[in-house]
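*Asks:* Just upload07.txt, nothing more (compact mmCIF, C-alpha atoms):
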```txt
# COMPACT_ATOMS: atom_id res chain seq x y z
CA MET V 17 43.70 -41.58 12.16
CA VAL V 18 44.42 -40.85 15.80
CA GLY V 19 43.26 -37.44 16.89
CA PHE V 20 44.21 -35.10 19.68
CA SER V 21 41.50 -32.73 20.83
CA LEU V 22 42.70 -29.16 21.35
CA CYS V 23 39.57 -27.31 22.44
CA ARG V 24 36.00 -26.68 21.39
CA SER V 25 35.88 -24.88 18.06
CA ASP V 26 33.64 -22.13 19.46
CA GLU V 27 36.40 -21.23 21.91
CA ILE V 28 38.47 -19.89 19.00
CA VAL V 29 36.93 -16.50 18.41
CA GLU V 30 37.22 -14.16 15.45
CA GLY V 31 40.43 -12.12 15.33
CA GLN V 32 42.01 -13.89 18.29
CA ALA V 33 44.49 -16.70 18.72
CA ARG V 34 45.11 -19.36 21.30
CA GLY V 35 48.33 -21.25 21.91
CA PHE V 36 48.54 -24.94 22.74
CA ASP V 37 51.23 -27.19 24.14
CA PRO V 38 50.25 -30.68 22.95
CA GLU V 39 53.88 -31.82 23.21
CA GLN V 40 53.93 -30.75 26.86
CA ARG V 41 57.21 -28.85 26.59
CA GLY V 42 56.15 -26.02 28.82
CA ARG V 43 55.65 -23.62 25.92
CA ASP V 44 53.02 -23.44 23.23
CA SER V 45 54.22 -25.17 20.07
CA ILE V 46 51.13 -24.46 17.94
CA PHE V 47 48.46 -21.79 17.84
CA ALA V 48 44.95 -21.65 16.46
CA LEU V 49 43.08 -18.57 15.31
CA ARG V 50 39.85 -17.65 13.60
CA HIS V 51 39.92 -15.25 10.66
CA ASP V 52 36.95 -14.50 8.40
CA GLY V 53 35.13 -17.28 10.24
CA GLN V 54 37.75 -19.93 9.40
CA ILE V 55 39.93 -21.63 11.96
CA ARG V 56 43.63 -21.88 11.02
CA ILE V 57 46.34 -23.62 12.98
CA TYR V 58 50.07 -22.98 12.61
CA ARG V 59 53.29 -24.06 14.28
CA ASN V 60 54.55 -21.46 16.74
CA SER V 61 57.84 -20.98 14.92
CA CYS V 62 58.84 -17.97 12.89
CA PRO V 63 60.31 -18.85 9.45
CA HIS V 64 63.03 -16.29 10.20
CA LEU V 65 64.74 -17.81 13.23
CA ASP V 66 62.63 -20.70 14.55
CA VAL V 67 61.50 -18.69 17.56
CA ARG V 68 58.18 -18.26 19.28
CA LEU V 69 55.93 -15.55 17.87
CA GLU V 70 53.85 -14.38 20.83
CA TYR V 71 54.83 -11.72 23.35
CA ARG V 72 52.77 -13.44 26.02
CA LYS V 73 50.22 -16.20 26.31
CA ASP V 74 47.84 -16.23 23.31
CA ARG V 75 49.06 -12.88 21.95
CA PHE V 76 49.89 -13.84 18.36
CA MET V 77 47.77 -11.28 16.51
CA SER V 78 48.04 -7.59 15.68
CA ALA V 79 45.96 -5.33 17.90
CA ASP V 80 43.19 -5.18 15.28
CA GLY V 81 43.14 -8.97 14.90
CA GLN V 82 43.80 -8.79 11.17
CA LEU V 83 47.36 -10.15 11.01
CA ILE V 84 49.52 -12.73 12.72
CA MET V 85 52.58 -11.03 14.22
CA CYS V 86 55.96 -12.31 15.24
CA TYR V 87 56.74 -10.21 18.27
CA ALA V 88 60.42 -11.14 18.06
CA HIS V 89 61.21 -8.94 15.05
CA GLY V 90 57.84 -7.59 13.95
CA ALA V 91 57.16 -9.91 10.99
CA GLN V 92 53.55 -9.88 9.80
CA PHE V 93 51.67 -12.83 8.30
CA LEU V 94 48.33 -13.27 6.55
CA PRO V 95 46.07 -15.34 8.80
CA ALA V 96 44.51 -17.24 5.89
CA THR V 97 47.73 -18.52 4.34
CA GLY V 98 50.52 -17.89 6.85
CA GLU V 99 52.42 -15.93 4.23
CA CYS V 100 54.84 -13.32 5.59
CA ILE V 101 53.98 -9.93 4.08
CA TYR V 102 56.37 -7.80 6.13
CA GLY V 103 59.57 -8.47 8.02
CA PRO V 104 62.70 -10.58 7.90
CA CYS V 105 61.03 -13.65 6.38
CA LEU V 106 59.13 -11.76 3.67
CA GLY V 107 57.49 -14.24 1.28
CA GLU V 108 58.05 -17.27 3.50
CA ARG V 109 55.21 -19.02 5.28
CA LEU V 110 54.27 -20.25 8.68
CA GLN V 111 53.90 -24.01 8.80
CA ALA V 112 50.22 -24.94 8.72
CA VAL V 113 48.97 -27.78 10.92
CA GLN V 114 46.22 -30.10 9.65
CA TRP V 115 43.13 -30.50 11.77
CA TRP V 116 39.50 -31.49 11.55
CA GLU V 117 36.35 -30.77 13.48
CA GLU V 118 34.65 -33.59 15.33
CA GLY V 119 31.58 -33.10 17.47
CA GLY V 120 32.32 -29.42 17.93
CA TRP V 121 35.97 -30.06 18.85
CA VAL V 122 39.13 -29.01 17.03
CA VAL V 123 41.14 -32.19 16.55
CA LEU V 124 44.78 -32.56 15.44
CA ASP V 125 46.27 -35.50 13.61
CA THR V 126 48.70 -36.81 16.23
CA THR V 127 51.32 -37.66 13.60
CA GLN V 128 51.97 -33.91 13.48
CA ILE V 129 52.94 -33.80 17.11
CA GLU V 130 56.64 -34.24 17.53
CA SER V 131 57.09 -35.91 20.89
CA PRO V 132 55.03 -38.81 22.14
CA LEU V 133 51.90 -37.72 23.88
CA PRO V 134 51.91 -38.35 27.58
CA ARG V 135 49.67 -41.17 28.57
CA ALA V 136 46.91 -40.58 31.03
CA ARG V 137 48.29 -41.03 34.50
CA GLU V 138 47.14 -44.19 36.14
CA GLY V 139 46.29 -44.61 39.81
CA MET E 6 79.47 17.48 20.83
CA ASN E 7 79.05 16.09 24.25
CA ILE E 8 76.36 13.49 23.62
CA ILE E 9 75.90 11.64 26.91
CA GLY E 10 73.76 8.77 25.73
CA LEU E 11 70.15 7.86 25.09
CA ASP E 12 67.52 9.97 26.80
CA ALA E 13 64.45 8.32 25.29
CA LEU E 14 63.16 6.04 22.56
CA ILE E 15 59.78 6.86 21.07
CA PHE E 16 57.58 4.13 19.62
CA GLY E 17 54.37 4.32 17.61
CA VAL E 18 52.23 1.36 18.65
CA ASP E 19 48.86 -0.16 17.89
CA ASP E 20 48.13 -1.55 21.35
CA ILE E 21 48.68 1.06 24.07
CA GLN E 22 47.35 -1.23 26.80
CA ALA E 23 49.62 -4.17 25.92
CA CYS E 24 52.66 -1.89 25.71
CA THR E 25 51.72 -0.24 29.01
CA ASP E 26 51.45 -3.66 30.66
CA CYS E 27 54.78 -4.70 29.14
CA LEU E 28 56.79 -1.64 30.17
CA ARG E 29 55.26 -1.54 33.66
CA ASP E 30 55.89 -5.26 34.21
CA TYR E 31 59.44 -4.74 32.90
CA GLY E 32 59.93 -2.34 35.80
CA LEU E 33 59.70 1.15 34.34
CA HIS E 34 57.72 3.85 36.16
CA PRO E 35 54.67 5.17 34.25
CA VAL E 36 54.48 8.97 34.03
CA GLY E 37 51.47 10.66 32.48
CA VAL E 38 50.25 7.45 30.84
CA ASP E 39 46.76 7.38 29.36
CA ALA E 40 44.94 5.90 26.38
CA ASN E 41 47.24 7.83 24.04
CA GLY E 42 50.46 6.53 25.61
CA GLY E 43 53.00 8.19 27.84
CA ARG E 44 56.44 7.93 29.41
CA PHE E 45 57.93 4.96 31.21
CA GLU E 46 60.95 6.03 33.22
CA ALA E 47 63.99 4.39 34.73
CA LEU E 48 65.51 5.62 37.98
CA ASP E 49 67.49 8.39 36.23
CA GLY E 50 64.52 9.69 34.20
CA THR E 51 65.54 8.17 30.86
CA ALA E 52 62.50 6.62 29.26
CA ILE E 53 60.58 4.70 26.68
CA ILE E 54 57.77 6.82 25.26
CA ILE E 55 54.83 5.21 23.52
CA ARG E 56 52.32 7.01 21.32
CA ARG E 57 49.53 5.91 19.06
CA ALA E 58 51.02 4.97 15.68
CA ASP E 59 48.78 7.53 13.95
CA ASP E 60 49.96 10.38 16.20
CA ALA E 61 50.65 13.16 13.70
CA THR E 62 53.32 14.72 15.92
CA LEU E 63 55.63 11.71 15.51
CA PRO E 64 58.27 11.45 12.80
CA ALA E 65 57.20 9.25 9.90
CA ALA E 66 57.25 5.49 10.44
CA MET E 67 59.75 3.30 8.56
CA GLY E 68 57.35 0.36 8.52
CA PRO E 69 54.00 -0.78 9.85
CA ALA E 70 53.14 -0.29 13.52
CA PRO E 71 54.39 -1.01 16.05
CA SER E 72 57.77 0.57 15.31
CA ILE E 73 60.43 2.92 16.60
CA ARG E 74 59.74 6.52 15.60
CA GLU E 75 62.56 8.52 17.15
CA THR E 76 65.80 8.04 19.08
CA VAL E 77 66.44 10.96 21.46
CA TYR E 78 69.95 11.60 22.72
CA GLY E 79 70.77 13.67 25.78
CA VAL E 80 73.51 16.31 25.71
CA ALA E 81 75.22 18.21 28.51
CA SER E 82 74.72 21.83 27.46
CA ALA E 83 72.94 24.26 25.17
CA ALA E 84 76.24 24.76 23.37
CA ASP E 85 76.21 21.07 22.45
CA LEU E 86 72.75 21.45 20.96
CA ASP E 87 73.93 24.43 18.94
CA ALA E 88 76.95 22.51 17.68
CA ILE E 89 74.79 19.56 16.62
CA GLU E 90 72.33 21.88 14.90
CA ASP E 91 75.13 23.64 13.02
CA GLU E 92 76.69 20.36 11.96
CA LEU E 93 73.54 18.60 10.77
CA ALA E 94 71.95 21.67 9.17
CA ARG E 95 74.79 21.68 6.65
CA ASP E 96 73.04 19.02 4.61
CA ARG E 97 69.64 18.24 6.13
CA LEU E 98 66.60 19.70 7.79
CA VAL E 99 66.98 20.31 11.51
CA THR E 100 64.06 21.65 13.50
CA ARG E 101 63.84 22.82 17.08
CA ASP E 102 60.50 22.29 18.82
CA GLU E 103 58.80 24.34 21.53
CA GLN E 104 60.61 22.37 24.22
CA GLY E 105 63.95 23.12 22.60
CA VAL E 106 64.45 19.58 21.32
CA LEU E 107 66.33 19.25 18.02
CA HIS E 108 64.86 16.87 15.47
CA SER E 109 66.57 15.53 12.38
CA VAL E 110 67.32 12.27 10.61
CA ASP E 111 70.44 10.12 10.23
CA ASP E 112 71.89 8.92 6.91
CA LEU E 113 69.90 5.68 7.17
CA GLY E 114 66.52 7.32 7.66
CA PHE E 115 66.19 6.89 11.42
CA ALA E 116 64.66 9.95 13.11
CA ILE E 117 67.00 11.35 15.78
CA GLY E 118 66.46 13.98 18.43
CA PHE E 119 68.76 15.85 20.82
CA GLN E 120 67.90 17.56 24.07
CA LEU E 121 69.43 18.81 27.28
CA THR E 122 69.60 15.53 29.10
CA VAL E 123 66.81 14.52 31.44
CA ARG E 124 69.22 12.29 33.34
CA LYS E 125 69.09 13.07 37.04
CA PRO E 126 71.39 11.87 39.80
CA PHE E 127 70.14 8.93 41.80
CA THR E 128 71.53 6.42 44.20
CA ALA E 129 70.79 2.71 44.24
CA PRO E 130 72.46 -0.14 46.08
CA ASN E 131 75.48 -1.97 44.70
CA ASP E 132 75.38 -5.75 44.35
CA LEU E 133 78.20 -6.65 46.73
CA SER E 134 80.08 -9.92 46.23
CA ASN E 135 82.14 -12.09 48.50
CA ALA E 136 85.00 -13.69 46.58
CA PRO E 137 87.64 -15.90 48.24
CA GLY E 138 91.04 -14.31 47.65
CA HIS E 139 89.59 -10.85 47.71
CA ALA E 140 88.37 -8.76 50.63
CA PRO E 141 84.68 -9.45 51.24
CA GLN E 142 82.44 -6.67 49.98
CA ARG E 143 79.31 -7.49 51.91
CA PRO E 144 79.19 -6.85 55.64
CA LEU E 145 78.79 -9.77 58.00
CA ASN E 146 75.20 -10.90 58.49
CA GLN E 147 73.93 -9.04 55.43
CA PRO E 148 72.12 -11.42 53.03
CA GLY E 149 73.03 -11.01 49.37
CA ILE E 150 69.54 -11.53 48.09
CA THR E 151 66.06 -11.42 49.55
CA LEU E 152 62.75 -12.45 48.07
CA ASP E 153 61.50 -8.90 47.83
CA MET E 154 64.71 -7.17 46.77
CA ALA E 155 64.38 -4.47 44.15
CA ALA E 156 65.51 -5.09 40.57
CA VAL E 157 64.55 -1.91 38.77
CA PRO E 158 65.84 -0.52 35.45
CA ARG E 159 68.33 2.22 36.30
CA THR E 160 69.17 3.96 33.03
CA LEU E 161 68.49 3.56 29.31
CA SER E 162 71.51 1.66 28.05
CA HIS E 163 71.44 1.05 24.32
CA VAL E 164 69.42 0.63 21.17
CA VAL E 165 70.13 -1.76 18.30
CA TYR E 166 69.08 -1.03 14.74
CA PHE E 167 68.64 -3.27 11.75
CA VAL E 168 70.20 -1.18 9.00
CA PRO E 169 70.62 -1.61 5.23
CA ASP E 170 74.15 -0.14 5.23
CA ALA E 171 76.08 -0.43 8.49
CA ALA E 172 79.20 1.26 7.06
CA LYS E 173 77.15 4.28 6.04
CA GLY E 174 75.57 4.41 9.48
CA GLU E 175 78.94 4.10 11.23
CA ALA E 176 80.37 6.92 9.13
CA PHE E 177 77.44 9.19 9.98
CA TYR E 178 77.60 8.66 13.74
CA ALA E 179 81.41 8.87 13.77
CA ASN E 180 81.97 11.81 11.44
CA ARG E 181 78.92 13.92 12.16
CA LEU E 182 78.14 13.20 15.81
CA GLY E 183 81.51 12.18 17.25
CA PHE E 184 80.72 8.58 18.18
CA LYS E 185 83.58 6.07 18.63
CA THR E 186 83.50 2.46 17.47
CA THR E 187 84.41 0.17 20.38
CA ASP E 188 84.13 -3.20 18.62
CA THR E 189 82.79 -4.57 15.34
CA PHE E 190 81.09 -7.77 14.32
CA ILE E 191 82.16 -8.58 10.77
CA GLY E 192 79.14 -8.84 8.54
CA ALA E 193 76.93 -7.23 11.16
CA GLY E 194 78.15 -3.83 12.24
CA PRO E 195 79.74 -1.56 14.83
CA PHE E 196 79.20 -1.05 18.53
CA MET E 197 79.42 2.71 19.12
CA ARG E 198 79.58 5.07 22.06
CA PRO E 199 79.12 8.83 22.01
CA ALA E 200 81.95 11.07 23.24
CA GLY E 201 80.16 11.90 26.47
CA SER E 202 79.79 8.29 27.59
CA ASP E 203 82.29 5.61 28.53
CA ASP E 204 79.79 2.74 28.18
CA HIS E 205 80.89 0.15 25.60
CA HIS E 206 77.95 1.05 23.40
CA CYS E 207 74.68 2.92 23.30
CA LEU E 208 74.20 2.09 19.62
CA PHE E 209 74.80 -1.15 17.75
CA MET E 210 73.93 -1.60 14.11
CA ILE E 211 73.25 -4.91 12.39
CA GLN E 212 73.38 -5.03 8.61
CA THR E 213 70.25 -6.63 7.16
CA PRO E 214 68.28 -6.58 3.92
CA PRO E 215 66.58 -3.18 3.48
CA HIS E 216 63.08 -4.48 4.23
CA MET E 217 64.12 -5.28 7.82
CA LYS E 218 65.18 -1.74 8.69
CA GLY E 219 64.07 -0.80 12.19
CA CYS E 220 64.74 -1.40 15.85
CA GLU E 221 65.98 -4.84 16.92
CA HIS E 222 65.98 -4.19 20.64
CA PHE E 223 66.56 -1.72 23.43
CA THR E 224 67.67 -2.27 27.00
CA PHE E 225 68.11 -0.60 30.34
CA HIS E 226 71.04 -1.14 32.69
CA MET E 227 70.18 -3.10 35.79
CA GLY E 228 72.33 -3.00 38.91
CA SER E 229 74.05 -6.35 38.37
CA GLY E 230 73.86 -9.76 36.79
CA THR E 231 71.83 -10.85 39.79
CA GLU E 232 69.33 -8.11 39.04
CA VAL E 233 69.11 -9.21 35.39
CA LEU E 234 68.30 -12.73 36.54
CA LEU E 235 65.84 -11.54 39.16
CA ALA E 236 64.02 -8.99 37.01
CA GLY E 237 63.97 -11.36 34.03
CA ARG E 238 62.59 -14.18 36.12
CA ARG E 239 59.86 -11.93 37.49
CA PHE E 240 59.06 -10.66 33.97
CA GLU E 241 58.88 -14.22 32.66
CA GLN E 242 56.62 -15.24 35.54
CA LYS E 243 54.25 -12.44 34.55
CA GLY E 244 53.87 -14.25 31.24
CA TRP E 245 56.25 -12.44 28.90
CA THR E 246 57.98 -14.60 26.29
CA SER E 247 61.72 -15.07 26.73
CA PHE E 248 63.58 -14.80 23.43
CA TRP E 249 67.26 -15.24 24.29
CA GLY E 250 69.05 -15.52 27.59
CA PRO E 251 69.89 -15.09 30.32
CA GLY E 252 73.54 -14.99 29.42
CA ARG E 253 76.56 -12.76 29.13
CA HIS E 254 77.89 -11.10 25.99
CA LEU E 255 81.56 -11.20 25.06
CA PHE E 256 81.77 -7.74 23.43
CA GLY E 257 80.79 -5.29 26.16
CA SER E 258 80.74 -8.03 28.82
CA ASN E 259 77.15 -7.13 29.61
CA TRP E 260 74.71 -9.63 31.02
CA PHE E 261 71.63 -10.03 28.85
CA TRP E 262 68.11 -11.40 28.77
CA TYR E 263 65.85 -10.64 25.81
CA PHE E 264 62.06 -10.87 25.62
CA ASN E 265 59.46 -10.46 22.89
CA SER E 266 57.33 -7.37 23.26
CA PRO E 267 54.29 -5.65 21.75
CA LEU E 268 56.52 -2.69 20.82
CA GLY E 269 57.64 -4.47 17.67
CA CYS E 270 61.14 -5.23 18.91
CA HIS E 271 62.82 -7.06 21.75
CA ILE E 272 63.09 -5.64 25.20
CA GLU E 273 66.23 -6.57 27.11
CA TYR E 274 67.65 -6.36 30.60
CA ASP E 275 71.40 -5.74 30.73
CA ALA E 276 74.01 -5.09 33.39
CA ASP E 277 77.69 -4.65 34.10
CA MET E 278 78.82 -3.36 30.71
CA ASP E 279 82.49 -2.57 30.06
CA LYS E 280 83.61 1.04 30.05
CA HIS E 281 86.18 2.45 27.65
CA ASP E 282 88.15 5.53 26.76
CA ASP E 283 89.92 6.57 23.58
CA GLU E 284 92.91 4.33 24.40
CA TRP E 285 90.79 1.26 23.63
CA GLU E 286 91.54 -0.51 20.36
CA ALA E 287 88.39 -1.83 18.77
CA ARG E 288 88.19 -5.57 18.31
CA VAL E 289 86.83 -7.21 15.18
CA ALA E 290 85.26 -10.66 15.08
CA PRO E 291 82.71 -12.62 13.09
CA MET E 292 79.26 -12.53 14.61
CA SER E 293 78.49 -16.00 15.87
CA ALA E 294 76.72 -17.43 18.85
CA ASP E 295 80.07 -18.11 20.48
CA ASN E 296 81.31 -14.59 19.92
CA SER E 297 78.16 -12.86 21.04
CA GLN E 298 77.66 -14.84 24.23
CA LEU E 299 80.25 -16.07 26.66
CA PHE E 300 77.66 -18.27 28.28
CA LEU E 301 73.96 -18.84 28.10
CA PHE E 302 71.57 -20.51 30.50
CA THR E 303 69.05 -21.88 28.03
CA SER E 304 69.42 -24.49 25.35
CA LYS E 305 68.89 -22.08 22.45
CA GLU E 306 72.37 -21.84 21.00
CA LYS E 307 71.80 -21.52 17.30
CA TRP E 308 71.07 -17.86 16.94
CA ALA E 309 71.95 -14.40 18.05
CA PRO E 310 69.32 -11.69 17.85
CA GLY E 311 69.18 -10.85 14.20
CA GLY E 312 72.73 -12.06 13.73
CA PRO E 313 73.05 -15.20 11.66
CA PRO E 314 71.49 -15.28 8.24
CA PRO E 315 67.89 -16.45 8.06
CA LYS E 316 67.32 -20.19 7.92
CA GLN E 317 67.44 -21.52 4.42
CA GLY E 318 64.01 -22.73 3.64
```
Can you dump the structure from the file as structure tokens?
*Replies:*
Amino acid sequence: MVGFSLCRSDEIVEGQARGFDPEQRGRDSIFALRHDGQIRIYRNSCPHLDVRLEYRKDRFMSADGQLIMCYAHGAQFLPATGECIYGPCLGERLQAVQWWEEGGWVVLDTTQIESPLPRAREG
Amino acid sequence: MNIIGLDALIFGVDDIQACTDCLRDYGLHPVGVDANGGRFEALDGTAIIIRRADDATLPAAMGPAPSIRETVYGVASAADLDAIEDELARDRLVTRDEQGVLHSVDDLGFAIGFQLTVRKPFTAPNDLSNAPGHAPQRPLNQPGITLDMAAVPRTLSHVVYFVPDAAKGEAFYANRLGFKTTDTFIGAGPFMRPAGSDDHHCLFMIQTPPHMKGCEHFTFHMGSGTEVLLAGRRFEQKGWTSFWGPGRHLFGSNWFWYFNSPLGCHIEYDADMDKHDDEWEARVAPMSADNSQLFLFTSKEKWAPGGPPPKQG
């Protein structure tokens, strides 16, 4: 399985999230967070309207770090499952992204990345 | 009941610092802001007010923080306040606080307030255009834009609610507070203006399932479409997430650009809204992307804010 390294796992700290742009579209298409010690990664797309969740870079969580928020319409999601517990998409879920840890790095399965990864520039 | 328009929107939030950063970057002027919140004013003194969500002086929240807690309308005279108090007190609790502000609730459960308006006169430059076939507006040798030109929110324009019963809401604002419906999106709700304002709307209601009830967005009038583009670009460059726009609405003709915000709703820039009087006949149209935007400068064309039904999943 081909992997794509996002960041070191210890860079994802408890109660905070970090957005990533592995498809190089100029906006973060996935985000990773740590909740109760566990790293979770979701697509940055609200089940309500397929829009970005964050109000600015890396700001995907409630102020107390206990919930994922969609700052478009205020939907709230459980970090552990991605289930919407308040808001327009009540009962729906964020789309989880599969990952594994390798040598202290958070690694994505590249088949989950929609556009071809850019190759390293030569020369 | 000479309601002039919105004087302030009050939010209960869980992150005072993030909301302070947002409203300041948006272009509002902080007044008396500290760790418990404060006012963020436009040029005419209309404002967004943020408070801690657990502030006991705020009306009850309709949902979890952050959320809108009160919509405060400005009126022209003390007689208007008395008339509103008399009207609403017929069937609901109306209180008057130490500052003389009336507080009550609408038929949908949104807290509403009324006060002698804080709006103050101000002057700000017009965005002058040169159009072939029409006398030039801008003097010779005067550039239309400069890198450092101001693009500052001028006055609180409108608020949009998600409501469980738009017809009930329309009836309340029309029959009890003298609002007029200027246009209606079928399946969504009415655009309404109070009697003391000729702006196309200061209130728009979108019918949604009951669990969505709350504020969808608010916006301040900018000086022009150019100012919407300029302020929005600057806001985006400060890192705030664009949601929809820039573009121009069909109903109201106002330019728009919406952003996500830590206030629990969108924050918009708008400009150049239509003005109406009682001769206007309200239009009715289905709410669709084509009907809500005449043009749009991004590739996101499949939704309006809160408009179309949720994706089927």
*Asks:* Edge lengths and centre in Å to one decimal, as lines of an AutoDock Vina configuration file, is what I'm after for the box along x, y and z that holds all listed atoms of range 45-60 of chain V once 4 Å is added on each side.
*Replies:*
```
center_x = 44.8
center_y = -19.8
center_z = 14.2
size_x = 27.4
size_y = 18.7
size_z = 19.7
```
*Asks:* Between E:Phe184, E:Phe119, E:Phe248, E:Tyr178, which is the closest to chain V once you count all atoms listed in the file?
*Replies:*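 That would be E:Phe248, the residue with the smallest distance to chain V.
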*Asks:* For CA of Asp170 in chain E and CA of Gly118 in chain E, quote the distance in Å rounded to one decimal.
*Replies:*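 Taking CA of Asp170 in chain E and CA of Gly118 in chain E, their separation equals 20.8 Å.
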*Asks:* Using only C-alpha atoms, which residues sit within 9 Å of Gln32 in chain V once same-chain residues fewer than 4 positions away are excluded, as a ChimeraX atom specification?
*Replies:* /V:28,48-51,74-77,81-82
*Asks:* Those residues you just picked out, can you put them in a file as a PDB file, in the coordinates of the input with C-alpha atoms?
*Replies:*
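And here is the file that came out, again33.pdb:
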```
ATOM      1  CA  ILE V  28      38.470 -19.890  19.000  1.00  0.00           C
ATOM      2  CA  ALA V  48      44.950 -21.650  16.460  1.00  0.00           C
ATOM      3  CA  LEU V  49      43.080 -18.570  15.310  1.00  0.00           C
ATOM      4  CA  ARG V  50      39.850 -17.650  13.600  1.00  0.00           C
ATOM      5  CA  HIS V  51      39.920 -15.250  10.660  1.00  0.00           C
ATOM      6  CA  ASP V  74      47.840 -16.230  23.310  1.00  0.00           C
ATOM      7  CA  ARG V  75      49.060 -12.880  21.950  1.00  0.00           C
ATOM      8  CA  PHE V  76      49.890 -13.840  18.360  1.00  0.00           C
ATOM      9  CA  MET V  77      47.770 -11.280  16.510  1.00  0.00           C
ATOM     10  CA  GLY V  81      43.140  -8.970  14.900  1.00  0.00           C
ATOM     11  CA  GLN V  82      43.800  -8.790  11.170  1.00  0.00           C
TER      12      GLN V  82
END
```
*Asks:* Counting all atoms listed in the file, a student should be able to say which residues of chain E come within 8 Å of chain V; what is the right answer, written as a list in words?
*Replies:*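 The answer, sorted by residue number, is Asp19, Asp20, Pro71, Pro214, His216, Met217, Glu221, Gly244, Trp245, Thr246, Phe248, Phe264, Asn265, Ser266, Pro267, Leu268, Gly269, Cys270, His271, Trp308, Pro315, Lys316 and Gly318 of chain E.
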*Asks:* What does the distance between CA of Arg44 in chain E and CA of Leu14 in chain E come to in Å, to one decimal place?
*Replies:*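 Computing it gives 9.8 Å between the two atoms.
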*Asks:* I'd like the neighbourhood of Arg57 in chain E as an NGL selection string, where a residue qualifies if any of its atoms comes within 9 Å (using only C-alpha atoms), though same-chain residues fewer than 4 positions away should be ignored.
*Replies:* :E and (16-21 or 40-42 or 71)
*Asks:* What does the distance between CA of Leu255 in chain E and CA of Met227 in chain E come to in Å, to one decimal place?
*Replies:*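 Computing the Euclidean distance for CA of Leu255 in chain E and CA of Met227 in chain E yields 17.6 Å.
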*Asks:* For Leu208 in chain E, find every residue with an atom within 8 Å (counting only C-alpha atoms), except residues of its own chain fewer than 2 positions away, and show them as a list of chain:residue names.
*Replies:*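 Residues near the query, excluding close chain neighbours: E:His163, E:Val164, E:Val165, E:Tyr166, E:Phe196, E:Met197, E:Arg198, E:His206, E:Met210.
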*Asks:* Within 9 Å of Phe127 in chain E, counting all atoms listed in the file, which residues show up once you throw out same-chain ones fewer than 2 positions away? Write them as a compact mmCIF listing (two decimals) with C-alpha atoms, in the coordinates of the input, please.
*Replies:*
```
# COMPACT_ATOMS: atom_id res chain seq x y z
CA LEU E 48 65.51 5.62 37.98
CA ASP E 49 67.49 8.39 36.23
CA LYS E 125 69.09 13.07 37.04
CA ALA E 129 70.79 2.71 44.24
CA ARG E 159 68.33 2.22 36.30
```
*Asks:* May I have the protein, DNA and RNA residues with an atom at most 12 Å from (56.7, -1.4, 32.6), counting all atoms listed in the file in the file's coordinates, returned as a ChimeraX atom specification?
*Replies:* /E:21-36,38,43-47,52-55,157-158,225,236,240,243,245,266-268,272
*Asks:* Please identify all polymer residues within 6 Å of Ser162 in chain E, counting only C-alpha atoms, omitting same-chain residues fewer than 2 positions from it, and present them as a PDB file with C-alpha atoms, keeping the file's coordinate frame.
*Replies:*
```
ATOM      1  CA  THR E 160      69.170   3.960  33.030  1.00  0.00           C
ATOM      2  CA  CYS E 207      74.680   2.920  23.300  1.00  0.00           C
ATOM      3  CA  THR E 224      67.670  -2.270  27.000  1.00  0.00           C
ATOM      4  CA  PHE E 225      68.110  -0.600  30.340  1.00  0.00           C
ATOM      5  CA  HIS E 226      71.040  -1.140  32.690  1.00  0.00           C
TER       6      HIS E 226
END
```
*Asks:* Hey, which of E:Met154, E:Asp203, E:Glu284, E:Phe115 ends up closest to Asp132 in chain E? Count only C-alpha atoms.
*Replies:*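 Of E:Met154, E:Asp203, E:Glu284, E:Phe115, the one nearest Asp132 in chain E is E:Met154, counting only C-alpha atoms.
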*Asks:* Taking (77.3, -10.6, 14.9) as a centre in this file's frame and 7 Å as the limit, can you find every polymer residue with an atom that close, using only C-alpha atoms, and give them as a VMD selection string?
*Replies:* chain E and resid 190 to 193 291 to 293 297 312
*Asks:* Smallest atom-to-atom distance to Phe36 in chain V: which of V:Val18, V:Ala96, V:Ile84, V:Ile129, using all atoms listed in the file?
*Replies:*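 Between V:Val18, V:Ala96, V:Ile84, V:Ile129, the residue approaching Phe36 in chain V most closely is V:Ile129.
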